[in-house]
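S.K.: Following this line is work-v1.cif, made up of mmCIF, C-alpha atoms (C1' of nucleotides):
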data_target
#
loop_
_atom_site.group_PDB
_atom_site.id
_atom_site.type_symbol
_atom_site.label_atom_id
_atom_site.label_comp_id
_atom_site.auth_asym_id
_atom_site.auth_seq_id
_atom_site.Cartn_x
_atom_site.Cartn_y
_atom_site.Cartn_z
ATOM 1 C CA MET A 1 129.413 119.956 80.388
ATOM 2 C CA ARG A 2 129.143 116.379 81.606
ATOM 3 C CA ILE A 3 127.729 115.084 84.838
ATOM 4 C CA GLY A 4 131.002 115.162 86.734
ATOM 5 C CA GLU A 5 131.502 118.836 86.118
ATOM 6 C CA ILE A 6 127.953 119.936 86.828
ATOM 7 C CA SER A 7 128.137 117.822 89.948
ATOM 8 C CA LYS A 8 131.161 119.757 91.178
ATOM 9 C CA ARG A 9 129.687 123.109 90.233
ATOM 10 C CA SER A 10 126.272 122.467 91.738
ATOM 11 C CA GLY A 11 127.559 120.632 94.768
ATOM 12 C CA LEU A 12 125.134 117.786 94.093
ATOM 13 C CA PRO A 13 126.363 114.185 93.771
ATOM 14 C CA ALA A 14 126.090 112.708 90.279
ATOM 15 C CA LYS A 15 123.787 110.048 91.703
ATOM 16 C CA THR A 16 121.431 112.732 92.885
ATOM 17 C CA ILE A 17 121.419 114.476 89.535
ATOM 18 C CA ARG A 18 120.593 111.216 87.763
ATOM 19 C CA HIS A 19 117.867 110.661 90.290
ATOM 20 C CA TYR A 20 116.388 114.080 89.562
ATOM 21 C CA GLU A 21 116.330 113.119 85.923
ATOM 22 C CA ASP A 22 114.670 109.792 86.752
ATOM 23 C CA VAL A 23 111.845 111.528 88.556
ATOM 24 C CA GLY A 24 111.472 114.066 85.790
ATOM 25 C CA LEU A 25 112.704 117.126 87.663
ATOM 26 C CA ILE A 26 115.201 117.885 84.946
ATOM 27 C CA ARG A 27 115.812 116.533 81.486
ATOM 28 C CA SER A 28 119.195 116.063 79.930
ATOM 29 C CA PRO A 29 119.936 115.211 76.337
ATOM 30 C CA ARG A 30 122.684 112.765 75.497
ATOM 31 C CA SER A 31 125.803 112.870 73.413
ATOM 32 C CA GLU A 32 126.405 110.182 70.822
ATOM 33 C CA ASN A 33 128.235 108.080 73.363
ATOM 34 C CA GLY A 34 125.214 108.146 75.649
ATOM 35 C CA TYR A 35 126.691 110.582 78.154
ATOM 36 C CA ARG A 36 124.373 113.248 79.553
ATOM 37 C CA PHE A 37 125.322 116.791 78.728
ATOM 38 C CA PHE A 38 124.259 119.874 80.605
ATOM 39 C CA THR A 39 124.112 123.584 79.970
ATOM 40 C CA ASP A 40 124.543 126.558 82.262
ATOM 41 C CA ASN A 41 120.782 126.708 82.419
ATOM 42 C CA ASP A 42 120.743 123.206 83.860
ATOM 43 C CA LEU A 43 123.284 124.362 86.394
ATOM 44 C CA HIS A 44 120.932 127.172 87.398
ATOM 45 C CA LYS A 45 118.106 124.706 87.807
ATOM 46 C CA LEU A 46 120.160 122.339 89.901
ATOM 47 C CA THR A 47 121.404 125.038 92.225
ATOM 48 C CA PHE A 48 117.824 126.279 92.460
ATOM 49 C CA ILE A 49 116.722 122.811 93.508
ATOM 50 C CA ALA A 50 119.591 122.512 95.952
ATOM 51 C CA GLN A 51 118.589 125.807 97.549
ATOM 52 C CA ALA A 52 114.965 124.777 97.750
ATOM 53 C CA ARG A 53 115.860 121.425 99.308
ATOM 54 C CA SER A 54 118.031 123.151 101.883
ATOM 55 C CA LEU A 55 115.005 125.215 102.878
ATOM 56 C CA GLY A 56 112.963 122.099 103.397
ATOM 57 C CA PHE A 57 110.964 122.007 100.184
ATOM 58 C CA THR A 58 110.103 118.525 98.932
ATOM 59 C CA LEU A 59 110.930 117.396 95.408
ATOM 60 C CA GLY A 60 107.241 117.842 94.622
ATOM 61 C CA ASP A 61 107.523 121.448 95.749
ATOM 62 C CA CYS A 62 110.652 121.821 93.669
ATOM 63 C CA ARG A 63 108.772 120.674 90.620
ATOM 64 C CA ILE A 64 106.165 123.381 91.162
ATOM 65 C CA LEU A 65 108.694 126.029 92.101
ATOM 66 C CA LEU A 66 110.779 125.330 88.999
ATOM 67 C CA GLY A 67 107.679 125.937 86.925
ATOM 68 C CA LEU A 68 107.051 129.208 88.720
ATOM 69 C CA TYR A 69 110.722 130.104 88.419
ATOM 70 C CA GLU A 70 110.570 129.773 84.676
ATOM 71 C CA ASP A 71 107.348 131.709 84.365
ATOM 72 C CA ARG A 72 108.385 135.317 84.631
ATOM 73 C CA GLN A 73 104.758 136.398 84.822
ATOM 74 C CA ARG A 74 103.626 134.227 87.714
ATOM 75 C CA ALA A 75 102.144 135.896 90.759
ATOM 76 C CA SER A 76 104.246 136.006 93.895
ATOM 77 C CA GLY A 77 101.108 134.731 95.624
ATOM 78 C CA ASP A 78 101.519 131.412 93.854
ATOM 79 C CA VAL A 79 105.017 131.054 95.200
ATOM 80 C CA LYS A 80 104.025 132.153 98.660
ATOM 81 C CA ARG A 81 101.288 129.545 98.803
ATOM 82 C CA VAL A 82 103.774 126.743 98.238
ATOM 83 C CA ALA A 83 106.152 128.258 100.754
ATOM 84 C CA LEU A 84 103.455 128.579 103.393
ATOM 85 C CA GLU A 85 102.506 124.937 103.053
ATOM 86 C CA SER A 86 106.114 123.925 103.389
ATOM 87 C CA LEU A 87 106.461 126.178 106.417
ATOM 88 C CA ALA A 88 103.418 124.567 107.995
ATOM 89 C CA ARG A 89 104.892 121.114 107.402
ATOM 90 C CA LEU A 90 108.151 122.206 108.976
ATOM 91 C CA GLU A 91 106.358 123.555 111.995
ATOM 92 C CA ARG A 92 104.308 120.431 112.498
ATOM 93 C CA LYS A 93 107.445 118.333 112.360
ATOM 94 C CA LEU A 94 109.254 120.711 114.691
ATOM 95 C CA ASP A 95 106.463 120.515 117.233
ATOM 96 C CA GLU A 96 106.537 116.758 117.114
ATOM 97 C CA LEU A 97 110.289 116.516 117.520
ATOM 98 C CA GLU A 98 110.315 119.186 120.183
ATOM 99 C CA SER A 99 107.854 117.335 122.362
ATOM 100 C CA MET A 100 109.864 114.167 121.890
ATOM 101 C CA ARG A 101 113.023 115.940 122.871
ATOM 102 C CA ALA A 102 111.412 117.462 125.944
ATOM 103 C CA ALA A 103 110.026 114.161 127.171
ATOM 104 C CA LEU A 104 113.182 112.212 126.441
ATOM 105 C CA GLY A 105 115.344 114.963 127.904
ATOM 106 C CA ARG A 106 113.446 114.834 131.195
ATOM 107 C CA LEU A 107 113.874 111.076 131.378
ATOM 108 C CA VAL A 108 117.563 111.213 130.598
ATOM 109 C CA GLU A 109 118.121 113.762 133.317
ATOM 110 C CA ARG A 110 116.443 111.544 135.852
ATOM 111 C CA CYS A 111 118.390 108.441 134.885
ATOM 112 C CA HIS A 112 121.513 107.944 136.966
ATOM 113 C CA GLY A 113 123.231 106.110 134.152
ATOM 114 C CA ASP A 114 125.348 104.019 136.465
ATOM 115 C CA ASP A 115 125.708 100.302 137.174
ATOM 116 C CA ARG A 116 122.439 99.978 139.036
ATOM 117 C CA PRO A 117 119.421 98.541 137.306
ATOM 118 C CA GLU A 118 116.879 101.169 138.411
ATOM 119 C CA CYS A 119 116.027 103.188 135.355
ATOM 120 C CA PRO A 120 113.260 105.758 134.908
ATOM 121 C CA ILE A 121 113.606 105.488 131.129
ATOM 122 C CA ILE A 122 112.747 101.796 131.064
ATOM 123 C CA ASP A 123 110.069 102.365 133.683
ATOM 124 C CA ARG A 124 108.415 104.958 131.530
ATOM 125 C CA LEU A 125 108.558 102.820 128.408
ATOM 126 C CA ALA A 126 107.103 99.946 130.366
ATOM 127 C CA GLY A 127 104.169 102.143 131.163
ATOM 128 C CA SER A 128 104.659 103.250 134.736
ATOM 129 C CA SER A 129 103.182 106.673 135.353
ATOM 130 C CA GLY A 130 106.402 108.320 136.554
ATOM 131 C CA MET B 1 94.349 86.891 121.802
ATOM 132 C CA ARG B 2 94.456 87.449 118.058
ATOM 133 C CA ILE B 3 95.904 90.332 116.135
ATOM 134 C CA GLY B 4 92.712 92.366 116.045
ATOM 135 C CA GLU B 5 92.401 92.435 119.788
ATOM 136 C CA ILE B 6 96.025 93.167 120.555
ATOM 137 C CA SER B 7 95.830 95.856 117.915
ATOM 138 C CA LYS B 8 92.980 97.551 119.752
ATOM 139 C CA ARG B 9 94.598 97.150 123.125
ATOM 140 C CA SER B 10 98.003 98.373 122.047
ATOM 141 C CA GLY B 11 96.728 101.073 119.763
ATOM 142 C CA LEU B 12 98.968 99.779 116.975
ATOM 143 C CA PRO B 13 97.515 98.876 113.566
ATOM 144 C CA ALA B 14 97.587 95.180 112.729
ATOM 145 C CA LYS B 15 99.782 96.025 109.756
ATOM 146 C CA THR B 16 102.335 97.529 112.071
ATOM 147 C CA ILE B 17 102.316 94.531 114.375
ATOM 148 C CA ARG B 18 102.886 92.174 111.462
ATOM 149 C CA HIS B 19 105.664 94.429 110.319
ATOM 150 C CA TYR B 20 107.306 94.252 113.736
ATOM 151 C CA GLU B 21 107.191 90.509 113.456
ATOM 152 C CA ASP B 22 108.689 90.642 109.961
ATOM 153 C CA VAL B 23 111.669 92.615 111.189
ATOM 154 C CA GLY B 24 112.096 90.364 114.182
ATOM 155 C CA LEU B 25 111.112 92.794 116.938
ATOM 156 C CA ILE B 26 108.551 90.368 118.271
ATOM 157 C CA ARG B 27 107.754 86.758 117.597
ATOM 158 C CA SER B 28 104.298 85.299 117.570
ATOM 159 C CA PRO B 29 103.389 81.637 117.433
ATOM 160 C CA ARG B 30 100.470 80.484 115.336
ATOM 161 C CA SER B 31 97.299 78.606 116.006
ATOM 162 C CA GLU B 32 96.388 75.604 113.905
ATOM 163 C CA ASN B 33 94.545 77.803 111.461
ATOM 164 C CA GLY B 34 97.642 79.902 110.906
ATOM 165 C CA TYR B 35 96.458 82.890 112.907
ATOM 166 C CA ARG B 36 98.960 84.633 115.150
ATOM 167 C CA PHE B 37 98.183 84.524 118.817
ATOM 168 C CA PHE B 38 99.500 86.884 121.439
ATOM 169 C CA THR B 39 99.831 86.907 125.193
ATOM 170 C CA ASP B 40 99.654 89.710 127.715
ATOM 171 C CA ASN B 41 103.419 89.721 127.642
ATOM 172 C CA ASP B 42 103.320 90.519 123.931
ATOM 173 C CA LEU B 43 100.933 93.322 124.742
ATOM 174 C CA HIS B 44 103.474 94.718 127.191
ATOM 175 C CA LYS B 45 106.167 94.546 124.560
ATOM 176 C CA LEU B 46 104.048 96.263 121.951
ATOM 177 C CA THR B 47 103.034 99.098 124.253
ATOM 178 C CA PHE B 48 106.674 99.393 125.225
ATOM 179 C CA ILE B 49 107.610 99.746 121.586
ATOM 180 C CA ALA B 50 104.799 102.214 120.983
ATOM 181 C CA GLN B 51 106.034 104.347 123.881
ATOM 182 C CA ALA B 52 109.593 104.220 122.648
ATOM 183 C CA ARG B 53 108.558 105.172 119.127
ATOM 184 C CA SER B 54 106.584 108.121 120.449
ATOM 185 C CA LEU B 55 109.751 109.343 122.153
ATOM 186 C CA GLY B 56 111.644 109.215 118.887
ATOM 187 C CA PHE B 57 113.513 105.938 119.285
ATOM 188 C CA THR B 58 114.101 104.053 116.046
ATOM 189 C CA LEU B 59 113.121 100.430 115.623
ATOM 190 C CA GLY B 60 116.794 99.585 115.995
ATOM 191 C CA ASP B 61 116.769 101.343 119.346
ATOM 192 C CA CYS B 62 113.609 99.475 120.273
ATOM 193 C CA ARG B 63 115.332 96.207 119.581
ATOM 194 C CA ILE B 64 118.102 97.112 122.009
ATOM 195 C CA LEU B 65 115.748 98.606 124.578
ATOM 196 C CA LEU B 66 113.553 95.536 124.567
ATOM 197 C CA GLY B 67 116.616 93.466 125.377
ATOM 198 C CA LEU B 68 117.474 95.785 128.232
ATOM 199 C CA TYR B 69 113.858 95.800 129.360
ATOM 200 C CA GLU B 70 113.873 92.040 129.696
ATOM 201 C CA ASP B 71 117.198 91.951 131.486
ATOM 202 C CA ARG B 72 116.371 92.911 135.039
ATOM 203 C CA GLN B 73 120.067 93.151 135.877
ATOM 204 C CA ARG B 74 121.143 95.548 133.151
ATOM 205 C CA ALA B 75 122.827 98.768 134.190
ATOM 206 C CA SER B 76 120.832 101.970 133.827
ATOM 207 C CA GLY B 77 123.926 103.311 132.121
ATOM 208 C CA ASP B 78 123.287 100.992 129.192
ATOM 209 C CA VAL B 79 119.812 102.401 128.767
ATOM 210 C CA LYS B 80 120.983 105.961 129.168
ATOM 211 C CA ARG B 81 123.575 105.505 126.447
ATOM 212 C CA VAL B 82 120.914 104.551 123.923
ATOM 213 C CA ALA B 83 118.711 107.411 125.072
ATOM 214 C CA LEU B 84 121.509 109.935 124.776
ATOM 215 C CA GLU B 85 122.235 108.898 121.212
ATOM 216 C CA SER B 86 118.584 109.228 120.354
ATOM 217 C CA LEU B 87 118.464 112.608 122.023
ATOM 218 C CA ALA B 88 121.470 113.730 120.024
ATOM 219 C CA ARG B 89 119.800 112.608 116.809
ATOM 220 C CA LEU B 90 116.667 114.500 117.752
ATOM 221 C CA GLU B 91 118.637 117.617 118.468
ATOM 222 C CA ARG B 92 120.552 117.467 115.215
ATOM 223 C CA LYS B 93 117.295 117.113 113.331
ATOM 224 C CA LEU B 94 115.714 119.916 115.332
ATOM 225 C CA ASP B 95 118.605 122.234 114.573
ATOM 226 C CA GLU B 96 118.331 121.454 110.898
ATOM 227 C CA LEU B 97 114.599 122.002 110.744
ATOM 228 C CA GLU B 98 114.803 125.102 112.901
ATOM 229 C CA SER B 99 117.289 126.775 110.594
ATOM 230 C CA MET B 100 115.108 125.851 107.640
ATOM 231 C CA ARG B 101 112.083 127.307 109.332
ATOM 232 C CA ALA B 102 113.911 130.508 110.216
ATOM 233 C CA ALA B 103 115.200 131.049 106.701
ATOM 234 C CA LEU B 104 111.933 130.155 105.033
ATOM 235 C CA GLY B 105 109.965 132.202 107.538
ATOM 236 C CA ARG B 106 112.019 135.297 106.757
ATOM 237 C CA LEU B 107 111.439 134.852 103.046
ATOM 238 C CA VAL B 108 107.714 134.309 103.452
ATOM 239 C CA GLU B 109 107.413 137.487 105.503
ATOM 240 C CA ARG B 110 109.121 139.479 102.805
ATOM 241 C CA CYS B 111 106.996 138.078 99.988
ATOM 242 C CA HIS B 112 103.955 140.204 99.228
ATOM 243 C CA GLY B 113 102.036 137.209 97.992
ATOM 244 C CA ASP B 114 99.941 139.232 95.588
ATOM 245 C CA ASP B 115 99.473 139.282 91.827
ATOM 246 C CA ARG B 116 102.784 140.871 91.048
ATOM 247 C CA PRO B 117 105.664 138.716 89.852
ATOM 248 C CA GLU B 118 108.369 140.131 92.124
ATOM 249 C CA CYS B 119 109.147 137.451 94.652
ATOM 250 C CA PRO B 120 112.000 137.318 97.147
ATOM 251 C CA ILE B 121 111.460 133.589 97.587
ATOM 252 C CA ILE B 122 112.153 132.805 93.962
ATOM 253 C CA ASP B 123 114.983 135.323 93.946
ATOM 254 C CA ARG B 124 116.628 133.575 96.831
ATOM 255 C CA LEU B 125 116.240 130.139 95.314
ATOM 256 C CA ALA B 126 117.667 131.451 92.075
ATOM 257 C CA GLY B 127 120.732 132.446 94.009
ATOM 258 C CA SER B 128 120.451 136.186 94.453
ATOM 259 C CA SER B 129 122.073 137.324 97.663
ATOM 260 C CA GLY B 130 119.026 139.026 99.161
ATOM 261 C "C1'" DC C 1 147.994 98.887 74.673
ATOM 262 C "C1'" DT C 2 146.916 99.341 79.039
ATOM 263 C "C1'" DT C 3 145.700 102.010 82.986
ATOM 264 C "C1'" DG C 4 142.717 105.256 85.211
ATOM 265 C "C1'" DA C 5 139.180 108.354 85.427
ATOM 266 C "C1'" DC C 6 135.067 108.949 83.883
ATOM 267 C "C1'" DA C 7 130.307 107.545 82.313
ATOM 268 C "C1'" DC C 8 126.316 104.343 81.791
ATOM 269 C "C1'" DT C 9 122.271 101.107 83.411
ATOM 270 C "C1'" DC C 10 120.133 98.396 86.401
ATOM 271 C "C1'" DC C 11 119.133 96.411 91.120
ATOM 272 C "C1'" DA C 12 119.031 96.550 96.088
ATOM 273 C "C1'" DG C 13 118.612 98.831 100.380
ATOM 274 C "C1'" DC C 14 117.583 102.406 103.749
ATOM 275 C "C1'" DT C 15 113.016 103.892 107.463
ATOM 276 C "C1'" DA C 16 108.717 102.438 108.995
ATOM 277 C "C1'" DC C 17 105.208 101.349 107.606
ATOM 278 C "C1'" DA C 18 100.324 101.679 104.434
ATOM 279 C "C1'" DG C 19 97.323 100.045 100.744
ATOM 280 C "C1'" DG C 20 95.373 96.538 98.277
ATOM 281 C "C1'" DA C 21 94.637 91.981 95.937
ATOM 282 C "C1'" DG C 22 93.199 87.448 96.492
ATOM 283 C "C1'" DA C 23 92.312 83.703 99.474
ATOM 284 C "C1'" DG C 24 91.081 81.173 103.651
ATOM 285 C "C1'" DT C 25 88.575 81.192 108.574
ATOM 286 C "C1'" DT C 26 85.490 82.285 111.985
ATOM 287 C "C1'" DT C 27 81.311 84.104 113.750
ATOM 288 C "C1'" DA C 28 76.736 85.872 113.922
ATOM 289 C "C1'" DC C 29 72.241 85.880 112.149
ATOM 290 C "C1'" DG C 30 68.114 84.040 110.246
ATOM 291 C "C1'" DC D 1 72.403 74.699 108.111
ATOM 292 C "C1'" DG D 2 73.562 78.317 104.930
ATOM 293 C "C1'" DT D 3 75.512 82.522 104.096
ATOM 294 C "C1'" DA D 4 77.362 86.924 104.640
ATOM 295 C "C1'" DA D 5 80.124 89.890 107.451
ATOM 296 C "C1'" DA D 6 84.150 90.282 109.860
ATOM 297 C "C1'" DC D 7 88.532 88.751 110.527
ATOM 298 C "C1'" DT D 8 92.978 86.822 109.197
ATOM 299 C "C1'" DC D 9 96.523 85.306 106.114
ATOM 300 C "C1'" DT D 10 100.448 86.137 102.471
ATOM 301 C "C1'" DC D 11 102.514 88.693 98.962
ATOM 302 C "C1'" DC D 12 103.429 92.715 96.195
ATOM 303 C "C1'" DT D 13 103.763 97.596 95.569
ATOM 304 C "C1'" DG D 14 104.519 102.283 96.937
ATOM 305 C "C1'" DT D 15 105.995 106.074 99.881
ATOM 306 C "C1'" DA D 16 110.731 110.105 100.030
ATOM 307 C "C1'" DG D 17 115.015 110.828 98.481
ATOM 308 C "C1'" DC D 18 118.463 109.278 97.738
ATOM 309 C "C1'" DT D 19 123.023 105.941 98.279
ATOM 310 C "C1'" DG D 20 125.892 101.952 97.274
ATOM 311 C "C1'" DG D 21 127.374 98.505 94.313
ATOM 312 C "C1'" DA D 22 127.809 95.354 90.284
ATOM 313 C "C1'" DG D 23 128.934 94.967 85.725
ATOM 314 C "C1'" DT D 24 129.931 97.359 81.527
ATOM 315 C "C1'" DG D 25 131.341 100.959 78.249
ATOM 316 C "C1'" DT D 26 134.141 105.363 76.773
ATOM 317 C "C1'" DC D 27 138.007 108.186 76.372
ATOM 318 C "C1'" DA D 28 142.477 110.530 77.066
ATOM 319 C "C1'" DA D 29 147.204 109.988 78.593
ATOM 320 C "C1'" DG D 30 151.445 107.581 78.809
#
Go ahead and express the file in the form of structure tokens.

M.R.:
Amino acid sequence: MRIGEISKRSGLPAKTIRHYEDVGLIRSPRSENGYRFFTDNDLHKLTFIAQARSLGFTLGDCRILLGLYEDRQRASGDVKRVALESLARLERKLDELESMRAALGRLVERCHGDDRPECPIIDRLAGSSG
Amino acid sequence: MRIGEISKRSGLPAKTIRHYEDVGLIRSPRSENGYRFFTDNDLHKLTFIAQARSLGFTLGDCRILLGLYEDRQRASGDVKRVALESLARLERKLDELESMRAALGRLVERCHGDDRPECPIIDRLAGSSG
DNA sequence: CTTGACACTCCAGCTACAGGAGAGTTTACG
DNA sequence: CGTAAACTCTCCTGTAGCTGGAGTGTCAAG
């Protein structure tokens, strides 16, 4: 199939699929006219990548996971290691965003948001202790 | 003061300060030798930006907030509007990451992580329902 | 034979910087 | 006074993961 069809079937934009080829995540041979053509196996790979991305794996992770996916003999420990690192990254980011949300949420609550100039948000950014 | 000193005092790397100048967040006049020089007012601005960034505001937000900061007559409602949008962004991102963490966490728990090849993580990425 | 839907290859831009090269300036030490 | 360290400058590249657009080519239908 060509890129338009695999795009529809995988749910990934054609641009994204070309990008994955650019960075070496997949390879796609060309027809005589220069068009990429894809097999069902490529479709499996792309949906695999899409799933992994939706779980927060980076493209670097995807590269590793694809290798493990295609190695039927790999140890589940190898997969779990990658997943645990990704999980740790997610949790670090979550902690960071959560503390931002908490601090900003408190400020927003305390800001009247009316026509008056007094504003605890600006005060805080300007460095006042409150 | 020069960039090294304001860097120390603001806690921002010199690279970052130059970058803020590049994108027009601050402006800094030059001495005869071409070196940037900064005032205490610039220091206020930079710490303001640093605070805003740590609360999750984008540089675009910072640009707006700095304008509001310098306008003593602005309405607190104007500030709150920016803050609410930022908060909404944070919450969308948090929701996304949280659902990723939940899904990945479940998979990791179910993966033995030993020498055997069976792996629910790979199975899930490959599209199996479990 | 032309129109429209595809496909292709660059190149640029997004966010918010960081790293490094190569060059000039200032400062401290001997 | 010389020099070496420390500081500063500009410019270019890279990061992550695409997305948009320009300009061009291919192919099937009418």

S.K.: Name the residues captured by the PyMOL selection byres ((chain B) within 9 of (chain A)) when it is applied to the shown file; answer as a PyMOL selection string.

M.R.: chain B and resi 44-45+47-52+54-56+65+68-69+72-81+83-84+86-87+90-91+93-94+97-101+103-105+107-108+111-127

S.K.: For the reference chain B, what are the coordinates of chain A after least-squares fitting (all Cα, in-order pairing), as a tab-separated table (two decimals) with C-alpha atoms, keeping the file's coordinate frame?

M.R.:
chain	number	residue	atom	x	y	z
A	1	MET	CA	94.30	87.02	121.73
A	2	ARG	CA	94.43	87.56	117.98
A	3	ILE	CA	95.90	90.43	116.06
A	4	GLY	CA	92.72	92.47	115.94
A	5	GLU	CA	92.39	92.55	119.68
A	6	ILE	CA	96.02	93.27	120.48
A	7	SER	CA	95.85	95.96	117.84
A	8	LYS	CA	92.98	97.67	119.65
A	9	ARG	CA	94.59	97.27	123.05
A	10	SER	CA	98.03	98.46	121.99
A	11	GLY	CA	96.77	101.17	119.70
A	12	LEU	CA	99.01	99.88	116.92
A	13	PRO	CA	97.58	98.98	113.49
A	14	ALA	CA	97.64	95.27	112.67
A	15	LYS	CA	99.85	96.08	109.69
A	16	THR	CA	102.39	97.60	112.01
A	17	ILE	CA	102.36	94.63	114.33
A	18	ARG	CA	102.94	92.26	111.41
A	19	HIS	CA	105.73	94.51	110.29
A	20	TYR	CA	107.36	94.33	113.71
A	21	GLU	CA	107.22	90.58	113.43
A	22	ASP	CA	108.73	90.72	109.93
A	23	VAL	CA	111.72	92.66	111.19
A	24	GLY	CA	112.11	90.38	114.17
A	25	LEU	CA	111.12	92.83	116.89
A	26	ILE	CA	108.56	90.42	118.24
A	27	ARG	CA	107.74	86.81	117.56
A	28	SER	CA	104.27	85.36	117.53
A	29	PRO	CA	103.34	81.72	117.38
A	30	ARG	CA	100.44	80.59	115.26
A	31	SER	CA	97.25	78.71	115.88
A	32	GLU	CA	96.40	75.71	113.73
A	33	ASN	CA	94.57	77.92	111.29
A	34	GLY	CA	97.68	80.03	110.80
A	35	TYR	CA	96.43	83.00	112.81
A	36	ARG	CA	98.94	84.74	115.07
A	37	PHE	CA	98.15	84.61	118.74
A	38	PHE	CA	99.45	86.96	121.38
A	39	THR	CA	99.76	86.99	125.13
A	40	ASP	CA	99.58	89.80	127.66
A	41	ASN	CA	103.35	89.80	127.61
A	42	ASP	CA	103.26	90.58	123.91
A	43	LEU	CA	100.89	93.41	124.69
A	44	HIS	CA	103.43	94.78	127.17
A	45	LYS	CA	106.13	94.60	124.55
A	46	LEU	CA	104.04	96.33	121.93
A	47	THR	CA	103.04	99.16	124.22
A	48	PHE	CA	106.68	99.44	125.23
A	49	ILE	CA	107.64	99.79	121.59
A	50	ALA	CA	104.86	102.28	120.98
A	51	GLN	CA	106.10	104.39	123.88
A	52	ALA	CA	109.67	104.23	122.67
A	53	ARG	CA	108.67	105.20	119.13
A	54	SER	CA	106.69	108.15	120.46
A	55	LEU	CA	109.86	109.35	122.17
A	56	GLY	CA	111.76	109.20	118.92
A	57	PHE	CA	113.62	105.92	119.33
A	58	THR	CA	114.24	104.03	116.10
A	59	LEU	CA	113.22	100.40	115.67
A	60	GLY	CA	116.89	99.53	116.08
A	61	ASP	CA	116.84	101.30	119.43
A	62	CYS	CA	113.66	99.47	120.32
A	63	ARG	CA	115.35	96.18	119.66
A	64	ILE	CA	118.11	97.07	122.10
A	65	LEU	CA	115.77	98.59	124.65
A	66	LEU	CA	113.52	95.52	124.62
A	67	GLY	CA	116.57	93.44	125.45
A	68	LEU	CA	117.44	95.76	128.31
A	69	TYR	CA	113.81	95.81	129.41
A	70	GLU	CA	113.79	92.06	129.76
A	71	ASP	CA	117.10	91.94	131.57
A	72	ARG	CA	116.26	92.90	135.12
A	73	GLN	CA	119.95	93.11	135.98
A	74	ARG	CA	121.08	95.50	133.27
A	75	ALA	CA	122.77	98.72	134.29
A	76	SER	CA	120.80	101.93	133.93
A	77	GLY	CA	123.94	103.24	132.22
A	78	ASP	CA	123.28	100.93	129.30
A	79	VAL	CA	119.83	102.36	128.86
A	80	LYS	CA	121.01	105.91	129.26
A	81	ARG	CA	123.61	105.44	126.56
A	82	VAL	CA	120.96	104.51	124.02
A	83	ALA	CA	118.77	107.37	125.15
A	84	LEU	CA	121.59	109.89	124.87
A	85	GLU	CA	122.33	108.85	121.31
A	86	SER	CA	118.69	109.18	120.42
A	87	LEU	CA	118.58	112.58	122.09
A	88	ALA	CA	121.60	113.69	120.09
A	89	ARG	CA	119.92	112.56	116.87
A	90	LEU	CA	116.79	114.46	117.80
A	91	GLU	CA	118.77	117.58	118.50
A	92	ARG	CA	120.67	117.41	115.25
A	93	LYS	CA	117.43	117.05	113.35
A	94	LEU	CA	115.84	119.86	115.34
A	95	ASP	CA	118.72	122.19	114.57
A	96	GLU	CA	118.44	121.40	110.90
A	97	LEU	CA	114.70	121.94	110.76
A	98	GLU	CA	114.93	125.04	112.90
A	99	SER	CA	117.37	126.72	110.57
A	100	MET	CA	115.18	125.79	107.64
A	101	ARG	CA	112.16	127.23	109.34
A	102	ALA	CA	113.97	130.44	110.20
A	103	ALA	CA	115.23	130.99	106.68
A	104	LEU	CA	111.95	130.07	105.04
A	105	GLY	CA	110.00	132.11	107.57
A	106	ARG	CA	112.02	135.23	106.76
A	107	LEU	CA	111.40	134.75	103.05
A	108	VAL	CA	107.70	134.19	103.49
A	109	GLU	CA	107.38	137.35	105.53
A	110	ARG	CA	109.04	139.36	102.81
A	111	CYS	CA	106.90	137.95	100.03
A	112	HIS	CA	103.84	140.06	99.30
A	113	GLY	CA	101.92	137.05	98.09
A	114	ASP	CA	99.79	139.05	95.71
A	115	ASP	CA	99.26	139.10	91.94
A	116	ARG	CA	102.58	140.71	91.14
A	117	PRO	CA	105.45	138.60	89.91
A	118	GLU	CA	108.17	140.04	92.18
A	119	CYS	CA	109.00	137.35	94.68
A	120	PRO	CA	111.88	137.24	97.16
A	121	ILE	CA	111.36	133.49	97.60
A	122	ILE	CA	112.02	132.73	93.94
A	123	ASP	CA	114.83	135.27	93.91
A	124	ARG	CA	116.53	133.54	96.77
A	125	LEU	CA	116.15	130.09	95.25
A	126	ALA	CA	117.53	131.43	92.00
A	127	GLY	CA	120.61	132.46	93.89
A	128	SER	CA	120.32	136.20	94.35
A	129	SER	CA	122.00	137.34	97.53
A	130	GLY	CA	118.92	138.98	99.07

S.K.: Written as a list in words, which residues does the PyMOL selection byres ((chain A) within 9 of (chain C)) give for the file shown?

M.R.: Arg2, Ile3, Gly4, Gly34, Tyr35 and Arg36 of chain A

S.K.: Would you compute the distance between atom CA of A:Ile17 and atom CA of B:Arg106? Give it in Å to one decimal.

M.R.: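 Between atom CA of A:Ile17 and atom CA of B:Arg106 the gap works out to 28.6 Å.
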
S.K.: Edge lengths and centre, in Å to one decimal, as lines of an AutoDock Vina configuration file: that's what I need for the box along x, y and z that holds all listed atoms of stretch 17-30 of chain C plus 4 Å on each side.

M.R.:
center_x = 86.7
center_y = 91.4
center_z = 104.9
size_x = 45.1
size_y = 28.5
size_z = 26.0

S.K.: Please find the residues of chain A near chain D - the criterion being any atom within 12 Å, counting all atoms listed in the file - and write them as a ChimeraX atom specification.

M.R.: /A:12-20,22-23,31-35,53,57-60

S.K.: Enter the distance from atom CA of B:Ile26 to atom CA of B:Ile64, in Å, rounded to one decimal.

M.R.: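 Rounded to one decimal, the two atoms are 12.3 Å apart.
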
S.K.: Record the distance separating atom CA of B:Gly67 and atom CA of B:Glu21, expressed in Å with one decimal.

M.R.: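 Computed distance, atom CA of B:Gly67 to atom CA of B:Glu21, equals 15.5 Å.
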